[in-house]
Amino acid sequence: MMVILGCVGGVVLAGLLARGEAAGADTRAYWAAGRLWLNGGDPYHPSGPFMPYVYSPWMLPFFVPWSVLPWDVAWFFWRGATVIGLLWSINWAYARRPMTTAILLVLLSFPMAANLDTGNINLPLTLLLFGAQFSRPAITGLLWMVAVTIKWVPAVFLPFLSPRGRLWGLFWLALGLLLTALTLPQTLVQLEVLFSFQRPLRIDYLVFIWGIVPWAWRHPEAFRWLMPSKWPGAAQTGATTVNLWRDHWKRRPARTAETLGRVMRARVRAFLGLGG
């Protein structure tokens, strides 16, 4: 297993060193956006060798403290922090499920290398989602909201958060939508730039799979449905449940609707950690 991890790490490192100055194109876009915004420029239509900023306008101030650094320092900090976070997450996963971790890292080696090469924010957001599962509910929800606001893809991670974390996530998301409404003119420009910006097939998005590792490693039973031997039993259980509800509906439709509503409300409350 260590040999496998060593080979993956060696290939990734060789690729990063070979790229040299060509690396960090995406990170440079975030860096330039913060500087442009700070100086009254337009980060959505930059001049010079920079890609446009394509994220929410109210997120721009968060890039400013980092973007005031010289490029070489900012790039070193960005990539260094990402690598440290990635190594921490690998150490946590490997200590619990070494073989599964090694196999998953092999499968995700190319997306991870691509993100480390370009400095795309996908990998830092993945690590935020990874760390969110060890945080207090309010911080969990905040980290999820930040990831969703920037990339949208992490929205599917909501069920993998703690129940109270989901509730806080929806609260922070509502606040984010309010900020989006307050910056609507700039948001419309952002959306125009986002949907007009052509990029190739985004294999690097696969790195988000790594963000589900803490939940998956602690809930292995949730993936038993992937085993074909479990499918007949699951199908029989589903059919039995449907038949019970159908028979109940035929006998007492009004009572069935009331019961179904009560069950759904209870499940929503449990999903959000409201209890009772």
# chains A, B, ... in the order shown; residues from 1 in each chain; ligands from 1
$ closest_atom_pairs --of "segment 81-194 of chain A" --to "segment 55-71 of chain A" --cutoff "12 Å" --atoms "only C-alpha atoms" --output "tab-separated table"
residue	atom	partner	partner_atom	distance
A:Ile121	CA	A:Tyr55	CA	10.9
A:Met145	CA	A:Met59	CA	11.7
A:Val146	CA	A:Met59	CA	8.8
A:Ala147	CA	A:Tyr55	CA	11.0
A:Val148	CA	A:Ser56	CA	10.6
A:Thr149	CA	A:Ser56	CA	7.0
A:Ile150	CA	A:Tyr55	CA	5.6
A:Lys151	CA	A:Tyr55	CA	7.8
A:Trp152	CA	A:Tyr55	CA	10.2
A:Leu175	CA	A:Trp58	CA	11.5
A:Gly176	CA	A:Trp58	CA	8.8
A:Leu177	CA	A:Ser56	CA	10.3
A:Leu178	CA	A:Trp58	CA	10.5
A:Leu179	CA	A:Trp58	CA	6.8
A:Thr180	CA	A:Trp58	CA	7.2
A:Ala181	CA	A:Trp58	CA	10.2
A:Leu182	CA	A:Trp58	CA	9.1
A:Thr183	CA	A:Pro57	CA	7.0
A:Leu184	CA	A:Pro57	CA	9.0
A:Pro185	CA	A:Pro57	CA	9.6
A:Gln186	CA	A:Pro57	CA	6.2
A:Thr187	CA	A:Pro57	CA	6.3
A:Leu188	CA	A:Ser56	CA	9.7
A:Val189	CA	A:Pro57	CA	9.3
A:Gln190	CA	A:Tyr55	CA	6.5
A:Leu191	CA	A:Tyr55	CA	8.4
A:Glu192	CA	A:Tyr55	CA	11.1
A:Val193	CA	A:Tyr55	CA	9.5
A:Leu194	CA	A:Tyr55	CA	7.9
$ atom_distance --atom1 "atom CA of Val242 of chain A" --atom2 "atom CA of Val263 of chain A"
14.7 Å
$ atom_distance --atom1 "atom CA of Ala270 of chain A" --atom2 "atom CA of Leu167 of chain A"
10.4 Å
$ closest_residue --among "A:Ala114, A:Leu105, A:Val54, A:Leu123" --to "Val83 of chain A" --atoms "only C-alpha atoms"
A:Leu123
$ atom_distance --atom1 "atom CA of Arg164 of chain A" --atom2 "atom CA of Phe130 of chain A"
16.6 Å
$ closest_residue --among "A:Leu244, A:Leu107, A:Ala81, A:Leu87" --to "Asp204 of chain A" --atoms "only C-alpha atoms"
A:Leu107
$ closest_residue --among "A:Ala29, A:Val213, A:Val153, A:Ala138" --to "Arg96 of chain A" --atoms "only C-alpha atoms"
A:Val213
$ select_by_dssp --residues "segment 3-110 of chain A" --states "alpha helix (DSSP H)" --output "PyMOL selection string"
chain A and resi 3-19+25-38+60-67+71-96+98-110
$ closest_residue --among "A:Ala216, A:Leu272, A:Ala132, A:Ala222" --to "Phe171 of chain A" --atoms "only C-alpha atoms"
A:Leu272
$ residues_around --residues "Leu129 of chain A" --least-positions-apart "3" --cutoff "7 Å" --atoms "only C-alpha atoms" --output "list of chain:residue names"
A:Leu125, A:Thr126, A:Ala132, A:Gln133, A:Leu143, A:Trp144, A:Gly211
$ decode --residues "segment 156-183 of chain A" --atoms "N, CA and C atoms" --output "compact mmCIF listing (two decimals), in the first residue's frame"
# COMPACT_ATOMS: atom_id res chain seq x y z
N VAL A 156 -24.64 18.87 -3.11
CA VAL A 156 -25.03 17.47 -2.91
C VAL A 156 -24.46 16.90 -1.62
N PHE A 157 -23.57 17.63 -0.95
CA PHE A 157 -22.97 17.14 0.29
C PHE A 157 -23.85 17.39 1.51
N LEU A 158 -24.94 18.12 1.36
CA LEU A 158 -25.78 18.43 2.52
C LEU A 158 -26.19 17.19 3.31
N PRO A 159 -26.65 16.09 2.68
CA PRO A 159 -27.05 14.91 3.47
C PRO A 159 -25.91 14.29 4.27
N PHE A 160 -24.66 14.57 3.91
CA PHE A 160 -23.54 13.94 4.59
C PHE A 160 -23.03 14.76 5.78
N LEU A 161 -23.67 15.89 6.05
CA LEU A 161 -23.32 16.69 7.21
C LEU A 161 -24.12 16.20 8.42
N SER A 162 -23.72 16.64 9.59
CA SER A 162 -24.50 16.31 10.79
C SER A 162 -25.85 16.99 10.69
N PRO A 163 -26.89 16.45 11.36
CA PRO A 163 -28.22 17.05 11.26
C PRO A 163 -28.25 18.54 11.58
N ARG A 164 -27.63 18.94 12.70
CA ARG A 164 -27.59 20.36 13.03
C ARG A 164 -26.74 21.15 12.05
N GLY A 165 -25.72 20.51 11.51
CA GLY A 165 -24.91 21.14 10.49
C GLY A 165 -25.72 21.46 9.25
N ARG A 166 -26.65 20.56 8.89
CA ARG A 166 -27.53 20.81 7.74
C ARG A 166 -28.41 22.03 8.00
N LEU A 167 -28.95 22.12 9.22
CA LEU A 167 -29.81 23.24 9.57
C LEU A 167 -29.04 24.55 9.48
N TRP A 168 -27.83 24.56 10.05
CA TRP A 168 -27.01 25.76 9.98
C TRP A 168 -26.62 26.05 8.54
N GLY A 169 -26.38 25.02 7.75
CA GLY A 169 -26.03 25.22 6.35
C GLY A 169 -27.12 25.95 5.60
N LEU A 170 -28.38 25.55 5.83
CA LEU A 170 -29.50 26.21 5.17
C LEU A 170 -29.65 27.65 5.66
N PHE A 171 -29.37 27.86 6.95
CA PHE A 171 -29.41 29.24 7.47
C PHE A 171 -28.37 30.11 6.79
N TRP A 172 -27.12 29.62 6.73
CA TRP A 172 -26.06 30.39 6.08
C TRP A 172 -26.34 30.57 4.59
N LEU A 173 -26.94 29.55 3.97
CA LEU A 173 -27.26 29.65 2.54
C LEU A 173 -28.30 30.74 2.30
N ALA A 174 -29.29 30.84 3.19
CA ALA A 174 -30.29 31.90 3.08
C ALA A 174 -29.61 33.27 3.19
N LEU A 175 -28.63 33.39 4.09
CA LEU A 175 -27.89 34.64 4.22
C LEU A 175 -27.10 34.92 2.95
N GLY A 176 -26.50 33.87 2.38
CA GLY A 176 -25.77 34.03 1.13
C GLY A 176 -26.67 34.48 -0.01
N LEU A 177 -27.88 33.93 -0.07
CA LEU A 177 -28.83 34.34 -1.11
C LEU A 177 -29.25 35.79 -0.93
N LEU A 178 -29.34 36.23 0.34
CA LEU A 178 -29.67 37.64 0.60
C LEU A 178 -28.54 38.55 0.09
N LEU A 179 -27.30 38.15 0.35
CA LEU A 179 -26.16 38.93 -0.14
C LEU A 179 -26.12 38.94 -1.67
N THR A 180 -26.51 37.81 -2.25
CA THR A 180 -26.58 37.74 -3.71
C THR A 180 -27.63 38.69 -4.25
N ALA A 181 -28.78 38.78 -3.57
CA ALA A 181 -29.83 39.70 -4.00
C ALA A 181 -29.37 41.15 -3.86
N LEU A 182 -28.60 41.44 -2.82
CA LEU A 182 -28.12 42.80 -2.61
C LEU A 182 -27.06 43.21 -3.63
N THR A 183 -26.43 42.23 -4.24
CA THR A 183 -25.41 42.50 -5.26
C THR A 183 -25.89 41.98 -6.62
